[in-house]
>>> print(open('work10.pdb').read())   # PDB, C-alpha atoms
MODEL        1
ATOM      1  CA  MET I   1       5.409 -12.193   3.183  1.00  0.00           C
ATOM      2  CA  ARG I   2       3.127  -9.665   4.838  1.00  0.00           C
ATOM      3  CA  THR I   3       0.543  -7.330   3.422  1.00  0.00           C
ATOM      4  CA  TYR I   4       1.372  -3.754   4.364  1.00  0.00           C
ATOM      5  CA  VAL I   5      -1.084  -0.880   4.098  1.00  0.00           C
ATOM      6  CA  ILE I   6       0.382   2.393   2.842  1.00  0.00           C
ATOM      7  CA  ARG I   7      -1.470   5.708   3.007  1.00  0.00           C
ATOM      8  CA  VAL I   8      -0.651   8.247   0.302  1.00  0.00           C
ATOM      9  CA  SER I   9      -1.510  11.911   0.805  1.00  0.00           C
ATOM     10  CA  SER I  10      -1.540  14.370  -2.066  1.00  0.00           C
ATOM     11  CA  PRO I  11      -2.233  18.107  -2.006  1.00  0.00           C
ATOM     12  CA  ASN I  12      -5.920  18.915  -2.589  1.00  0.00           C
ATOM     13  CA  LYS I  13      -6.920  15.218  -2.640  1.00  0.00           C
ATOM     14  CA  ALA I  14      -8.290  12.819  -0.066  1.00  0.00           C
ATOM     15  CA  PRO I  15      -5.716  10.308   1.203  1.00  0.00           C
ATOM     16  CA  THR I  16      -5.758   6.931  -0.496  1.00  0.00           C
ATOM     17  CA  ARG I  17      -4.698   3.567   0.876  1.00  0.00           C
ATOM     18  CA  PHE I  18      -2.826   0.818  -0.927  1.00  0.00           C
ATOM     19  CA  ALA I  19      -2.065  -2.783   0.005  1.00  0.00           C
ATOM     20  CA  VAL I  20       1.353  -4.172  -0.889  1.00  0.00           C
ATOM     21  CA  LEU I  21       2.456  -7.775  -0.433  1.00  0.00           C
ATOM     22  CA  ALA I  22       6.160  -7.743   0.440  1.00  0.00           C
ATOM     23  CA  PRO I  23       8.730  -9.435   2.689  1.00  0.00           C
ATOM     24  CA  SER I  24       9.580  -6.169   4.475  1.00  0.00           C
ATOM     25  CA  SER I  25       8.191  -2.692   5.023  1.00  0.00           C
ATOM     26  CA  GLY I  26      11.117  -1.218   3.077  1.00  0.00           C
ATOM     27  CA  GLN I  27      10.312  -3.299   0.024  1.00  0.00           C
ATOM     28  CA  ALA I  28       6.632  -2.422   0.349  1.00  0.00           C
ATOM     29  CA  MET I  29       7.509   1.276   0.342  1.00  0.00           C
ATOM     30  CA  ALA I  30       9.911   0.801  -2.583  1.00  0.00           C
ATOM     31  CA  ALA I  31       7.047  -0.720  -4.582  1.00  0.00           C
ATOM     32  CA  MET I  32       5.081   2.516  -4.076  1.00  0.00           C
ATOM     33  CA  VAL I  33       7.836   4.902  -5.193  1.00  0.00           C
ATOM     34  CA  ALA I  34       7.178   4.488  -8.908  1.00  0.00           C
ATOM     35  CA  ASP I  35       3.537   5.525  -8.480  1.00  0.00           C
ATOM     36  CA  LEU I  36       4.146   8.634  -6.356  1.00  0.00           C
ATOM     37  CA  GLY I  37       3.998  12.199  -7.595  1.00  0.00           C
ATOM     38  CA  LEU I  38       6.573  14.811  -6.557  1.00  0.00           C
ATOM     39  CA  SER I  39       4.352  16.262  -3.837  1.00  0.00           C
ATOM     40  CA  ASP I  40       2.890  12.965  -2.571  1.00  0.00           C
ATOM     41  CA  ILE I  41       3.629  11.703   0.915  1.00  0.00           C
ATOM     42  CA  ALA I  42       3.515   7.957   1.593  1.00  0.00           C
ATOM     43  CA  GLU I  43       3.551   6.357   5.016  1.00  0.00           C
ATOM     44  CA  ILE I  44       3.172   2.808   6.211  1.00  0.00           C
ATOM     45  CA  THR I  45       0.234   2.463   8.565  1.00  0.00           C
ATOM     46  CA  GLY I  46       0.074   0.064  11.482  1.00  0.00           C
ATOM     47  CA  GLU I  47      -2.452  -2.053   9.590  1.00  0.00           C
ATOM     48  CA  VAL I  48      -1.461  -5.485   8.345  1.00  0.00           C
ATOM     49  CA  LEU I  49      -4.029  -7.389   6.334  1.00  0.00           C
ATOM     50  CA  ASN I  50      -4.923 -10.962   7.156  1.00  0.00           C
ATOM     51  CA  SER I  51      -3.511 -13.504   4.677  1.00  0.00           C
ATOM     52  CA  ASN I  52      -7.053 -14.596   3.759  1.00  0.00           C
ATOM     53  CA  VAL I  53      -7.958 -11.020   2.816  1.00  0.00           C
ATOM     54  CA  ALA I  54      -4.748 -10.664   0.803  1.00  0.00           C
ATOM     55  CA  ALA I  55      -5.568 -13.868  -1.089  1.00  0.00           C
ATOM     56  CA  ARG I  56      -9.112 -12.665  -1.877  1.00  0.00           C
ATOM     57  CA  LEU I  57      -7.715  -9.381  -3.208  1.00  0.00           C
ATOM     58  CA  GLY I  58      -5.398 -11.305  -5.530  1.00  0.00           C
ATOM     59  CA  LEU I  59      -2.292  -9.434  -4.419  1.00  0.00           C
ATOM     60  CA  THR I  60       0.939 -10.014  -6.310  1.00  0.00           C
ATOM     61  CA  PRO I  61       4.257  -9.446  -4.484  1.00  0.00           C
ATOM     62  CA  GLY I  62       5.586  -5.943  -5.069  1.00  0.00           C
ATOM     63  CA  ARG I  63       2.502  -4.626  -6.893  1.00  0.00           C
ATOM     64  CA  PRO I  64       0.440  -2.055  -4.980  1.00  0.00           C
ATOM     65  CA  LEU I  65      -3.325  -2.404  -5.045  1.00  0.00           C
ATOM     66  CA  ARG I  66      -5.557   0.561  -4.238  1.00  0.00           C
ATOM     67  CA  LEU I  67      -7.983  -0.131  -1.413  1.00  0.00           C
ATOM     68  CA  VAL I  68     -11.469   1.317  -1.560  1.00  0.00           C
TER      69      VAL I  68
ENDMDL
END
>>> encode(input="work10.pdb", output="structure tokens")
Amino acid sequence: MRTYVIRVSSPNKAPTRFAVLAPSSGQAMAAMVADLGLSDIAEITGEVLNSNVAARLGLTPGRPLRLV
């Protein structure tokens, strides 16, 4: 499992970043689909969070967590 960082851009809003714990980038993106609006754009960034950081955030596989 890796922790992928996904940036979501929405019209008239600042981009937000989410962390998703998943076995692949495709599954990480699939976890985001349910939370996207029709005009949102999601992209996987090159960032991968350290496993210690993921553990401190309390990530659950397949559940996106908004990063501040």
>>> residues_around(input="work10.pdb", residues="Ser24 (chain I)", least_positions_apart="5", cutoff="10 Å", atoms="all atoms listed in the file", output="NGL selection string")
:I and (1-4 or 29-30)
>>> residues_near_point(input="work10.pdb", point="(-11.0, -7.1, -2.6)", cutoff="12 Å", atoms="only C-alpha atoms", output="list in words")
Phe18, Ala19, Leu49, Asn52, Val53, Ala54, Ala55, Arg56, Leu57, Gly58, Leu59, Leu65, Arg66, Leu67 and Val68 of chain I
>>> atom_distance(input="work10.pdb", atom1="CA of Pro61 (chain I)", atom2="CA of Pro23 (chain I)")
8.5 Å
>>> atom_distance(input="work10.pdb", atom1="CA of Gly37 (chain I)", atom2="CA of Ser10 (chain I)")
8.1 Å
>>> resolve_selection(input="work10.pdb", expression="the PyMOL selection byres ((chain I and resi 36) around 12)", output="PyMOL selection string")
chain I and resi 6-10+16+18+29-35+37-43+64
>>> atom_distance(input="work10.pdb", atom1="CA of Asn50 (chain I)", atom2="CA of Gly26 (chain I)")
19.2 Å
